[in-house]
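data-v8.pdb (PDB, C-alpha atoms (C1' of nucleotides)) appears below.
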ATOM      1  CA  MET A   1     105.465 119.493  85.558  1.00  0.00           C
ATOM      2  CA  ASN A   2     107.066 116.668  87.552  1.00  0.00           C
ATOM      3  CA  ALA A   3     106.131 113.219  88.835  1.00  0.00           C
ATOM      4  CA  ALA A   4     105.233 114.504  92.330  1.00  0.00           C
ATOM      5  CA  PHE A   5     102.495 116.661  90.808  1.00  0.00           C
ATOM      6  CA  TYR A   6     100.429 113.552  90.036  1.00  0.00           C
ATOM      7  CA  ASP A   7     101.350 111.686  93.238  1.00  0.00           C
ATOM      8  CA  ARG A   8      98.717 113.594  95.229  1.00  0.00           C
ATOM      9  CA  PRO A   9      94.964 113.364  96.004  1.00  0.00           C
ATOM     10  CA  VAL A  10      93.230 113.163  92.629  1.00  0.00           C
ATOM     11  CA  VAL A  11      90.748 115.964  93.393  1.00  0.00           C
ATOM     12  CA  GLU A  12      93.617 118.380  94.034  1.00  0.00           C
ATOM     13  CA  VAL A  13      95.319 117.397  90.811  1.00  0.00           C
ATOM     14  CA  ALA A  14      92.074 117.820  88.850  1.00  0.00           C
ATOM     15  CA  ARG A  15      91.744 121.372  90.137  1.00  0.00           C
ATOM     16  CA  ASP A  16      95.402 122.209  89.520  1.00  0.00           C
ATOM     17  CA  LEU A  17      95.325 120.901  85.939  1.00  0.00           C
ATOM     18  CA  ILE A  18      92.938 123.687  84.889  1.00  0.00           C
ATOM     19  CA  GLY A  19      95.072 126.136  82.909  1.00  0.00           C
ATOM     20  CA  CYS A  20      97.787 123.576  82.110  1.00  0.00           C
ATOM     21  CA  VAL A  21      98.675 122.691  78.517  1.00  0.00           C
ATOM     22  CA  VAL A  22      98.181 119.344  76.770  1.00  0.00           C
ATOM     23  CA  ARG A  23     100.416 118.837  73.753  1.00  0.00           C
ATOM     24  CA  HIS A  24     100.579 116.048  71.152  1.00  0.00           C
ATOM     25  CA  GLY A  25     102.772 116.702  68.142  1.00  0.00           C
ATOM     26  CA  GLU A  26     101.978 120.091  66.654  1.00  0.00           C
ATOM     27  CA  CYS A  27      98.614 120.350  68.417  1.00  0.00           C
ATOM     28  CA  ALA A  28      98.128 121.806  71.887  1.00  0.00           C
ATOM     29  CA  GLY A  29      95.413 123.288  74.072  1.00  0.00           C
ATOM     30  CA  VAL A  30      94.856 124.678  77.565  1.00  0.00           C
ATOM     31  CA  ILE A  31      92.811 122.468  79.900  1.00  0.00           C
ATOM     32  CA  VAL A  32      89.571 124.286  80.758  1.00  0.00           C
ATOM     33  CA  GLU A  33      87.562 121.350  82.148  1.00  0.00           C
ATOM     34  CA  SER A  34      88.482 118.264  84.201  1.00  0.00           C
ATOM     35  CA  GLU A  35      86.927 115.636  86.459  1.00  0.00           C
ATOM     36  CA  ALA A  36      88.379 113.473  89.244  1.00  0.00           C
ATOM     37  CA  TYR A  37      87.749 109.725  89.573  1.00  0.00           C
ATOM     38  CA  HIS A  38      88.842 107.536  92.497  1.00  0.00           C
ATOM     39  CA  ASP A  39      88.540 103.791  93.138  1.00  0.00           C
ATOM     40  CA  SER A  40      86.617 104.457  96.351  1.00  0.00           C
ATOM     41  CA  GLU A  41      83.529 105.612  94.420  1.00  0.00           C
ATOM     42  CA  PRO A  42      81.461 103.608  91.892  1.00  0.00           C
ATOM     43  CA  ALA A  43      81.665 106.003  88.938  1.00  0.00           C
ATOM     44  CA  CYS A  44      85.379 105.207  88.639  1.00  0.00           C
ATOM     45  CA  HIS A  45      86.389 102.377  86.294  1.00  0.00           C
ATOM     46  CA  ALA A  46      88.830 101.261  88.992  1.00  0.00           C
ATOM     47  CA  PHE A  47      85.942 100.646  91.431  1.00  0.00           C
ATOM     48  CA  VAL A  48      85.829  97.009  90.225  1.00  0.00           C
ATOM     49  CA  GLY A  49      89.424  96.469  91.304  1.00  0.00           C
ATOM     50  CA  LEU A  50      92.519  95.479  89.372  1.00  0.00           C
ATOM     51  CA  THR A  51      91.610  94.002  85.965  1.00  0.00           C
ATOM     52  CA  PRO A  52      93.270  94.209  82.540  1.00  0.00           C
ATOM     53  CA  ARG A  53      91.173  97.265  81.783  1.00  0.00           C
ATOM     54  CA  THR A  54      92.042  99.106  85.006  1.00  0.00           C
ATOM     55  CA  ALA A  55      95.711  98.154  85.239  1.00  0.00           C
ATOM     56  CA  THR A  56      96.841 101.570  84.016  1.00  0.00           C
ATOM     57  CA  LEU A  57      94.719 103.312  86.654  1.00  0.00           C
ATOM     58  CA  PHE A  58      96.413 101.344  89.421  1.00  0.00           C
ATOM     59  CA  GLY A  59      99.871 101.884  87.929  1.00  0.00           C
ATOM     60  CA  PRO A  60     102.333 104.708  88.580  1.00  0.00           C
ATOM     61  CA  PRO A  61     101.087 108.327  88.522  1.00  0.00           C
ATOM     62  CA  GLY A  62     101.837 110.611  85.590  1.00  0.00           C
ATOM     63  CA  ARG A  63     100.760 108.119  82.942  1.00  0.00           C
ATOM     64  CA  ALA A  64      97.945 108.465  80.410  1.00  0.00           C
ATOM     65  CA  TYR A  65      94.856 106.298  80.838  1.00  0.00           C
ATOM     66  CA  VAL A  66      93.060 106.199  77.476  1.00  0.00           C
ATOM     67  CA  TYR A  67      89.871 104.156  77.118  1.00  0.00           C
ATOM     68  CA  ARG A  68      87.202 103.644  74.473  1.00  0.00           C
ATOM     69  CA  SER A  69      83.867 105.231  75.268  1.00  0.00           C
ATOM     70  CA  TYR A  70      80.584 103.961  73.800  1.00  0.00           C
ATOM     71  CA  GLY A  71      82.553 101.941  71.284  1.00  0.00           C
ATOM     72  CA  ILE A  72      83.399 105.096  69.372  1.00  0.00           C
ATOM     73  CA  HIS A  73      85.451 107.696  71.194  1.00  0.00           C
ATOM     74  CA  ALA A  74      88.733 107.756  73.089  1.00  0.00           C
ATOM     75  CA  CYS A  75      88.955 109.643  76.381  1.00  0.00           C
ATOM     76  CA  LEU A  76      92.181 110.932  77.955  1.00  0.00           C
ATOM     77  CA  ASN A  77      92.964 110.753  81.682  1.00  0.00           C
ATOM     78  CA  ALA A  78      96.014 111.544  83.826  1.00  0.00           C
ATOM     79  CA  VAL A  79      96.711 108.786  86.373  1.00  0.00           C
ATOM     80  CA  CYS A  80      97.155 110.123  89.926  1.00  0.00           C
ATOM     81  CA  GLU A  81      97.944 109.071  93.501  1.00  0.00           C
ATOM     82  CA  PRO A  82     100.528 106.447  94.465  1.00  0.00           C
ATOM     83  CA  GLU A  83     100.884 103.191  92.541  1.00  0.00           C
ATOM     84  CA  GLY A  84      98.296 100.759  93.880  1.00  0.00           C
ATOM     85  CA  VAL A  85      95.565 103.421  94.100  1.00  0.00           C
ATOM     86  CA  GLY A  86      93.200 103.550  91.112  1.00  0.00           C
ATOM     87  CA  ALA A  87      92.621 107.237  90.396  1.00  0.00           C
ATOM     88  CA  ALA A  88      92.757 109.582  87.426  1.00  0.00           C
ATOM     89  CA  VAL A  89      91.717 112.989  86.106  1.00  0.00           C
ATOM     90  CA  LEU A  90      89.525 112.965  82.996  1.00  0.00           C
ATOM     91  CA  ILE A  91      90.469 115.803  80.632  1.00  0.00           C
ATOM     92  CA  ARG A  92      87.074 117.021  79.385  1.00  0.00           C
ATOM     93  CA  ALA A  93      87.793 120.155  77.341  1.00  0.00           C
ATOM     94  CA  LEU A  94      90.619 122.278  75.936  1.00  0.00           C
ATOM     95  CA  GLU A  95      90.971 125.792  74.593  1.00  0.00           C
ATOM     96  CA  PRO A  96      92.866 125.234  71.307  1.00  0.00           C
ATOM     97  CA  VAL A  97      96.272 126.954  71.152  1.00  0.00           C
ATOM     98  CA  ASP A  98      98.527 125.293  68.564  1.00  0.00           C
ATOM     99  CA  GLY A  99      97.871 123.219  65.436  1.00  0.00           C
ATOM    100  CA  ILE A 100      94.374 124.601  65.030  1.00  0.00           C
ATOM    101  CA  GLU A 101      94.198 123.951  61.285  1.00  0.00           C
ATOM    102  CA  LEU A 102      95.140 120.301  61.819  1.00  0.00           C
ATOM    103  CA  MET A 103      92.481 120.076  64.530  1.00  0.00           C
ATOM    104  CA  ARG A 104      89.918 121.431  62.070  1.00  0.00           C
ATOM    105  CA  GLU A 105      90.910 118.797  59.516  1.00  0.00           C
ATOM    106  CA  ARG A 106      90.678 115.959  62.019  1.00  0.00           C
ATOM    107  CA  ARG A 107      87.331 117.170  63.367  1.00  0.00           C
ATOM    108  CA  GLY A 108      85.832 118.162  60.034  1.00  0.00           C
ATOM    109  CA  LEU A 109      84.700 121.417  61.633  1.00  0.00           C
ATOM    110  CA  GLU A 110      85.677 125.067  61.491  1.00  0.00           C
ATOM    111  CA  ARG A 111      84.234 126.549  64.660  1.00  0.00           C
ATOM    112  CA  LEU A 112      87.012 127.055  67.236  1.00  0.00           C
ATOM    113  CA  GLU A 113      84.714 126.520  70.218  1.00  0.00           C
ATOM    114  CA  SER A 114      83.687 123.086  68.916  1.00  0.00           C
ATOM    115  CA  LEU A 115      87.114 121.588  68.290  1.00  0.00           C
ATOM    116  CA  CYS A 116      87.923 120.370  71.820  1.00  0.00           C
ATOM    117  CA  SER A 117      84.740 121.011  73.840  1.00  0.00           C
ATOM    118  CA  GLY A 118      84.301 117.442  75.076  1.00  0.00           C
ATOM    119  CA  PRO A 119      86.420 114.446  76.122  1.00  0.00           C
ATOM    120  CA  GLY A 120      85.877 112.559  72.856  1.00  0.00           C
ATOM    121  CA  LYS A 121      86.326 115.688  70.769  1.00  0.00           C
ATOM    122  CA  LEU A 122      89.704 116.690  72.130  1.00  0.00           C
ATOM    123  CA  THR A 123      91.220 113.235  71.599  1.00  0.00           C
ATOM    124  CA  GLN A 124      90.028 113.341  67.994  1.00  0.00           C
ATOM    125  CA  ALA A 125      91.397 116.870  67.515  1.00  0.00           C
ATOM    126  CA  LEU A 126      94.802 115.950  68.976  1.00  0.00           C
ATOM    127  CA  GLY A 127      95.000 112.530  67.330  1.00  0.00           C
ATOM    128  CA  ILE A 128      95.111 110.652  70.651  1.00  0.00           C
ATOM    129  CA  GLY A 129      94.145 106.974  70.373  1.00  0.00           C
ATOM    130  CA  LEU A 130      94.028 103.886  72.568  1.00  0.00           C
ATOM    131  CA  GLU A 131      97.610 103.005  71.659  1.00  0.00           C
ATOM    132  CA  LEU A 132      98.697 105.802  74.016  1.00  0.00           C
ATOM    133  CA  ASN A 133      97.159 104.111  77.050  1.00  0.00           C
ATOM    134  CA  GLY A 134      99.912 103.756  79.647  1.00  0.00           C
ATOM    135  CA  SER A 135     102.222 106.286  77.965  1.00  0.00           C
ATOM    136  CA  ASP A 136     104.240 108.721  80.078  1.00  0.00           C
ATOM    137  CA  LEU A 137     102.786 112.242  80.331  1.00  0.00           C
ATOM    138  CA  LEU A 138     106.167 113.613  81.414  1.00  0.00           C
ATOM    139  CA  ARG A 139     108.108 112.174  78.454  1.00  0.00           C
ATOM    140  CA  GLY A 140     105.476 112.015  75.713  1.00  0.00           C
ATOM    141  CA  PRO A 141     104.288 111.539  73.018  1.00  0.00           C
ATOM    142  CA  VAL A 142     101.441 113.259  74.892  1.00  0.00           C
ATOM    143  CA  VAL A 143     102.765 115.728  77.451  1.00  0.00           C
ATOM    144  CA  ILE A 144     101.133 118.075  79.972  1.00  0.00           C
ATOM    145  CA  ALA A 145     102.983 121.296  80.818  1.00  0.00           C
ATOM    146  CA  GLY A 146     102.359 123.872  83.532  1.00  0.00           C
ATOM    147  CA  ARG A 147     100.185 126.965  83.298  1.00  0.00           C
ATOM    148  CA  PRO A 148     101.263 129.692  80.877  1.00  0.00           C
ATOM    149  CA  ARG A 149     101.747 133.072  82.536  1.00  0.00           C
ATOM    150  CA  ALA A 150      98.368 134.350  81.344  1.00  0.00           C
ATOM    151  CA  TRP A 151      96.645 131.416  83.072  1.00  0.00           C
ATOM    152  CA  ARG A 152      98.572 131.660  86.341  1.00  0.00           C
ATOM    153  CA  ASP A 153      95.759 133.263  88.360  1.00  0.00           C
ATOM    154  CA  ILE A 154      92.730 131.811  86.606  1.00  0.00           C
ATOM    155  CA  GLN A 155      89.440 131.392  88.492  1.00  0.00           C
ATOM    156  CA  VAL A 156      88.404 127.748  88.860  1.00  0.00           C
ATOM    157  CA  ALA A 157      84.732 126.788  89.193  1.00  0.00           C
ATOM    158  CA  VAL A 158      83.516 123.591  90.889  1.00  0.00           C
ATOM    159  CA  SER A 159      80.504 121.523  89.844  1.00  0.00           C
ATOM    160  CA  LYS A 160      79.087 118.006  89.638  1.00  0.00           C
ATOM    161  CA  ARG A 161      80.485 115.466  87.199  1.00  0.00           C
ATOM    162  CA  ILE A 162      78.721 115.002  83.867  1.00  0.00           C
ATOM    163  CA  GLY A 163      77.326 111.925  82.168  1.00  0.00           C
ATOM    164  CA  ILE A 164      77.478 109.449  85.037  1.00  0.00           C
ATOM    165  CA  THR A 165      74.729 107.653  86.959  1.00  0.00           C
ATOM    166  CA  LYS A 166      76.688 106.572  90.033  1.00  0.00           C
ATOM    167  CA  ALA A 167      78.098 108.953  92.657  1.00  0.00           C
ATOM    168  CA  ALA A 168      76.740 111.781  90.507  1.00  0.00           C
ATOM    169  CA  GLU A 169      76.460 114.129  93.479  1.00  0.00           C
ATOM    170  CA  LEU A 170      80.190 114.515  94.094  1.00  0.00           C
ATOM    171  CA  PRO A 171      81.481 118.037  93.248  1.00  0.00           C
ATOM    172  CA  TRP A 172      84.520 116.719  91.408  1.00  0.00           C
ATOM    173  CA  ARG A 173      84.265 118.643  88.149  1.00  0.00           C
ATOM    174  CA  PHE A 174      86.482 121.679  87.665  1.00  0.00           C
ATOM    175  CA  SER A 175      86.437 124.314  84.945  1.00  0.00           C
ATOM    176  CA  ALA A 176      87.939 127.632  83.989  1.00  0.00           C
ATOM    177  CA  ALA A 177      85.336 130.233  84.969  1.00  0.00           C
ATOM    178  CA  ASP A 178      83.660 131.900  81.993  1.00  0.00           C
ATOM    179  CA  SER A 179      85.499 129.795  79.410  1.00  0.00           C
ATOM    180  CA  ARG A 180      83.798 129.546  75.990  1.00  0.00           C
ATOM    181  CA  PHE A 181      85.402 126.149  75.384  1.00  0.00           C
ATOM    182  CA  LEU A 182      83.622 123.908  77.926  1.00  0.00           C
ATOM    183  CA  SER A 183      81.650 120.767  77.050  1.00  0.00           C
ATOM    184  CA  ARG A 184      78.849 122.321  79.105  1.00  0.00           C
ATOM    185  CA  PRO A 185      78.562 125.481  81.202  1.00  0.00           C
ATOM    186  CA  ALA A 186      79.454 125.216  84.879  1.00  0.00           C
ATOM    187  CA  LEU A 187      76.274 126.467  86.434  1.00  0.00           C
ATOM    188  CA  SER A 188      76.917 125.049  89.709  1.00  0.00           C
ATOM    189  CA  ARG A 189      77.863 124.512  93.199  1.00  0.00           C
ATOM    190  CA  ALA A 190      80.695 123.326  95.319  1.00  0.00           C
TER     191      ALA A 190
ATOM    192  C1'  DC B   1      80.912  81.632  75.670  1.00  0.00           C
ATOM    193  C1'  DA B   2      76.851  85.227  75.703  1.00  0.00           C
ATOM    194  C1'  DT B   3      75.326  89.295  77.365  1.00  0.00           C
ATOM    195  C1'  DG B   4      74.896  94.138  78.653  1.00  0.00           C
ATOM    196  C1'  DG B   5      76.352  98.594  79.792  1.00  0.00           C
ATOM    197  C1'  DG B   6      78.717 102.828  79.301  1.00  0.00           C
ATOM    198  C1'  DA B   7      83.328 109.075  82.129  1.00  0.00           C
ATOM    199  C1'  DT B   8      79.863 110.506  74.193  1.00  0.00           C
ATOM    200  C1'  DT B   9      78.708 112.638  70.073  1.00  0.00           C
ATOM    201  C1'  DG B  10      76.093 114.230  66.211  1.00  0.00           C
ATOM    202  C1'  DA B  11      71.984 113.934  63.630  1.00  0.00           C
ATOM    203  C1'  DC B  12      67.317 114.401  63.757  1.00  0.00           C
ATOM    204  C1'  DT B  13      62.044 115.659  65.493  1.00  0.00           C
TER     205       DT B  13
ATOM    206  C1'  DG C   1      64.016 117.305  73.390  1.00  0.00           C
ATOM    207  C1'  DT C   2      65.126 111.918  71.452  1.00  0.00           C
ATOM    208  C1'  DC C   3      68.104 108.316  69.709  1.00  0.00           C
ATOM    209  C1'  DA C   4      71.439 105.238  67.299  1.00  0.00           C
ATOM    210  C1'  DA C   5      76.283 104.128  66.425  1.00  0.00           C
ATOM    211  C1'  DT C   6      79.790 100.724  67.996  1.00  0.00           C
ATOM    212  C1'  DC C   7      83.236  97.941  70.803  1.00  0.00           C
ATOM    213  C1'  DC C   8      85.817  96.764  74.862  1.00  0.00           C
ATOM    214  C1'  DC C   9      85.520  94.212  78.699  1.00  0.00           C
ATOM    215  C1'  DA C  10      83.404  92.760  83.245  1.00  0.00           C
ATOM    216  C1'  DT C  11      80.275  89.623  84.655  1.00  0.00           C
ATOM    217  C1'  DG C  12      77.615  85.428  84.881  1.00  0.00           C
ATOM    218  C1'  DC C  13      76.265  81.001  83.258  1.00  0.00           C
TER     219       DC C  13
END
Could you rewrite the structure in this file as structure tokens?
Amino acid sequence: MNAAFYDRPVVEVARDLIGCVVRHGECAGVIVESEAYHDSEPACHAFVGLTPRTATLFGPPGRAYVYRSYGIHACLNAVCEPEGVGAAVLIRALEPVDGIELMRERRGLERLESLCSGPGKLTQALGIGLELNGSDLLRGPVVIAGRPRAWRDIQVAVSKRIGITKAAELPWRFSAADSRFLSRPALSRA
DNA sequence: CATGGGATTGACT
DNA sequence: GTCAATCCCATGC
């Protein structure tokens, strides 16, 4: 993975991240669900413009945007598009690959399919907190690597984004077809 | 300075 | 299916 990968239209990057690997320390998982957000549409945090909260989104591509959701959870995004454009891909679900026992400890759960099947779950499983906001996804501590061979020709499904009230009709959610590790099934349409 | 709303989750009816 | 937990921060007075 290189810097140019993220310096592209955010919807393309969201699709291409399916099958890629997120790693933090000994824990890692394959991305099976993602969503695109862009400052031109109101569901994106960057829609309000450049503020302290959105500064990371408008910064250089290839960085992590980590924010607190509902006062409780952290959610991980990959910042995309050129500096000055507020856009990012929300990582919504992973298929656990490495460090599974540590994930189980952090989550307090055994079931493999429940460890990373949601944006707040996977940050808990991988130990990703707000202190990693703005960190470099090419250098770490959190890194995203390209698709393993087995995931090279995976089928990607398209659907509507989940859990938002504004611009909810945009088909900007992507998922690995038939994955058992999604936050919700991808029933849908392009 | 006070207020209100989430890109969610897990527990409960 | 319903609902509370909990906190950052954008907005408005």
Please tabulate, as JSON lines, the residues of chain A that come within 12 Å of chain C, each with its closest pair of atoms and the distance in Å to one decimal, counting all atoms listed in the file and ordering rows by chain, then residue number upward.
{"residue": "A:His45", "atom": "CA", "partner": "C:DA10", "partner_atom": "C1'", "distance": 10.5}
{"residue": "A:Ala46", "atom": "CA", "partner": "C:DA10", "partner_atom": "C1'", "distance": 11.6}
{"residue": "A:Phe47", "atom": "CA", "partner": "C:DA10", "partner_atom": "C1'", "distance": 11.6}
{"residue": "A:Val48", "atom": "CA", "partner": "C:DA10", "partner_atom": "C1'", "distance": 8.5}
{"residue": "A:Gly49", "atom": "CA", "partner": "C:DA10", "partner_atom": "C1'", "distance": 10.7}
{"residue": "A:Leu50", "atom": "CA", "partner": "C:DA10", "partner_atom": "C1'", "distance": 11.3}
{"residue": "A:Thr51", "atom": "CA", "partner": "C:DA10", "partner_atom": "C1'", "distance": 8.7}
{"residue": "A:Pro52", "atom": "CA", "partner": "C:DC9", "partner_atom": "C1'", "distance": 8.6}
{"residue": "A:Arg53", "atom": "CA", "partner": "C:DC9", "partner_atom": "C1'", "distance": 7.1}
{"residue": "A:Thr54", "atom": "CA", "partner": "C:DC9", "partner_atom": "C1'", "distance": 10.3}
{"residue": "A:Tyr67", "atom": "CA", "partner": "C:DC8", "partner_atom": "C1'", "distance": 8.7}
{"residue": "A:Arg68", "atom": "CA", "partner": "C:DC8", "partner_atom": "C1'", "distance": 7.0}
{"residue": "A:Ser69", "atom": "CA", "partner": "C:DC7", "partner_atom": "C1'", "distance": 8.6}
{"residue": "A:Tyr70", "atom": "CA", "partner": "C:DT6", "partner_atom": "C1'", "distance": 6.7}
{"residue": "A:Gly71", "atom": "CA", "partner": "C:DC7", "partner_atom": "C1'", "distance": 4.1}
{"residue": "A:Ile72", "atom": "CA", "partner": "C:DT6", "partner_atom": "C1'", "distance": 5.8}
{"residue": "A:His73", "atom": "CA", "partner": "C:DT6", "partner_atom": "C1'", "distance": 9.5}
{"residue": "A:Ala74", "atom": "CA", "partner": "C:DC7", "partner_atom": "C1'", "distance": 11.5}
{"residue": "A:Leu130", "atom": "CA", "partner": "C:DC8", "partner_atom": "C1'", "distance": 11.1}
Problem set entry | Contacts of stretch 7-10 of chain B within 12 Å, all atoms listed in the file, excl. fewer than 4 positions in-chain, as a PyMOL selection string | (chain A and resi 34-38+42-46+65-77+88-92+107+114+117-124+161-168+173+183) or (chain C and resi 3-6)
Check what the PyMOL selection byres ((chain A and resi 63) around 10) selects in the file above and give those residues as an mmCIF file with C-alpha atoms, in the coordinates of the input.
data_model
loop_
_atom_site.group_PDB
_atom_site.id
_atom_site.type_symbol
_atom_site.label_atom_id
_atom_site.label_comp_id
_atom_site.auth_asym_id
_atom_site.auth_seq_id
_atom_site.Cartn_x
_atom_site.Cartn_y
_atom_site.Cartn_z
ATOM 1 C CA ALA A 3 106.131 113.219 88.835
ATOM 2 C CA TYR A 6 100.429 113.552 90.036
ATOM 3 C CA THR A 56 96.841 101.570 84.016
ATOM 4 C CA LEU A 57 94.719 103.312 86.654
ATOM 5 C CA GLY A 59 99.871 101.884 87.929
ATOM 6 C CA PRO A 60 102.333 104.708 88.580
ATOM 7 C CA PRO A 61 101.087 108.327 88.522
ATOM 8 C CA GLY A 62 101.837 110.611 85.590
ATOM 9 C CA ALA A 64 97.945 108.465 80.410
ATOM 10 C CA TYR A 65 94.856 106.298 80.838
ATOM 11 C CA VAL A 66 93.060 106.199 77.476
ATOM 12 C CA ASN A 77 92.964 110.753 81.682
ATOM 13 C CA ALA A 78 96.014 111.544 83.826
ATOM 14 C CA VAL A 79 96.711 108.786 86.373
ATOM 15 C CA CYS A 80 97.155 110.123 89.926
ATOM 16 C CA ALA A 88 92.757 109.582 87.426
ATOM 17 C CA LEU A 132 98.697 105.802 74.016
ATOM 18 C CA ASN A 133 97.159 104.111 77.050
ATOM 19 C CA GLY A 134 99.912 103.756 79.647
ATOM 20 C CA SER A 135 102.222 106.286 77.965
ATOM 21 C CA ASP A 136 104.240 108.721 80.078
ATOM 22 C CA LEU A 137 102.786 112.242 80.331
ATOM 23 C CA LEU A 138 106.167 113.613 81.414
ATOM 24 C CA ARG A 139 108.108 112.174 78.454
ATOM 25 C CA GLY A 140 105.476 112.015 75.713
ATOM 26 C CA VAL A 142 101.441 113.259 74.892
ATOM 27 C CA VAL A 143 102.765 115.728 77.451
#
For this session: Would you mind listing what lies within 12 Å of A:Ala28 as an MDAnalysis selection string, with all atoms listed in the file counted and same-chain residues fewer than 3 positions away left out?
Result: chainID A and resid 20:25 31 93:103 115:116 122:123 125:128 142:145
For this session: Write out as a list in words the residues lying within 10 Å of A:Gly146, counting only C-alpha atoms (C1' of nucleotides) and excluding same-chain residues fewer than 4 positions away.
Result: Met1, Asn2, Asp16, Leu17, Ile18, Gly19, Cys20, Val21, Val22, Val30, Trp151 and Arg152 of chain A
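Interatomic distance, atom CA of A:Ala157 to atom CA of A:Glu169: 15.7 Å.
Reported to one decimal place, the separation of atom CA of A:Arg180 from atom C1' of B:DC12 is 25.5 Å.
We find atom C1' of B:DA2 and atom CA of A:Glu131 to be spaced 27.6 Å apart.
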Exercise. Hey, what's within 7 Å of A:Phe174 if we count only C-alpha atoms (C1' of nucleotides) and toss same-chain stuff fewer than 2 positions away? As a PyMOL selection string, please?
Worked result: chain A and resi 14-15+33-35+156-159+172
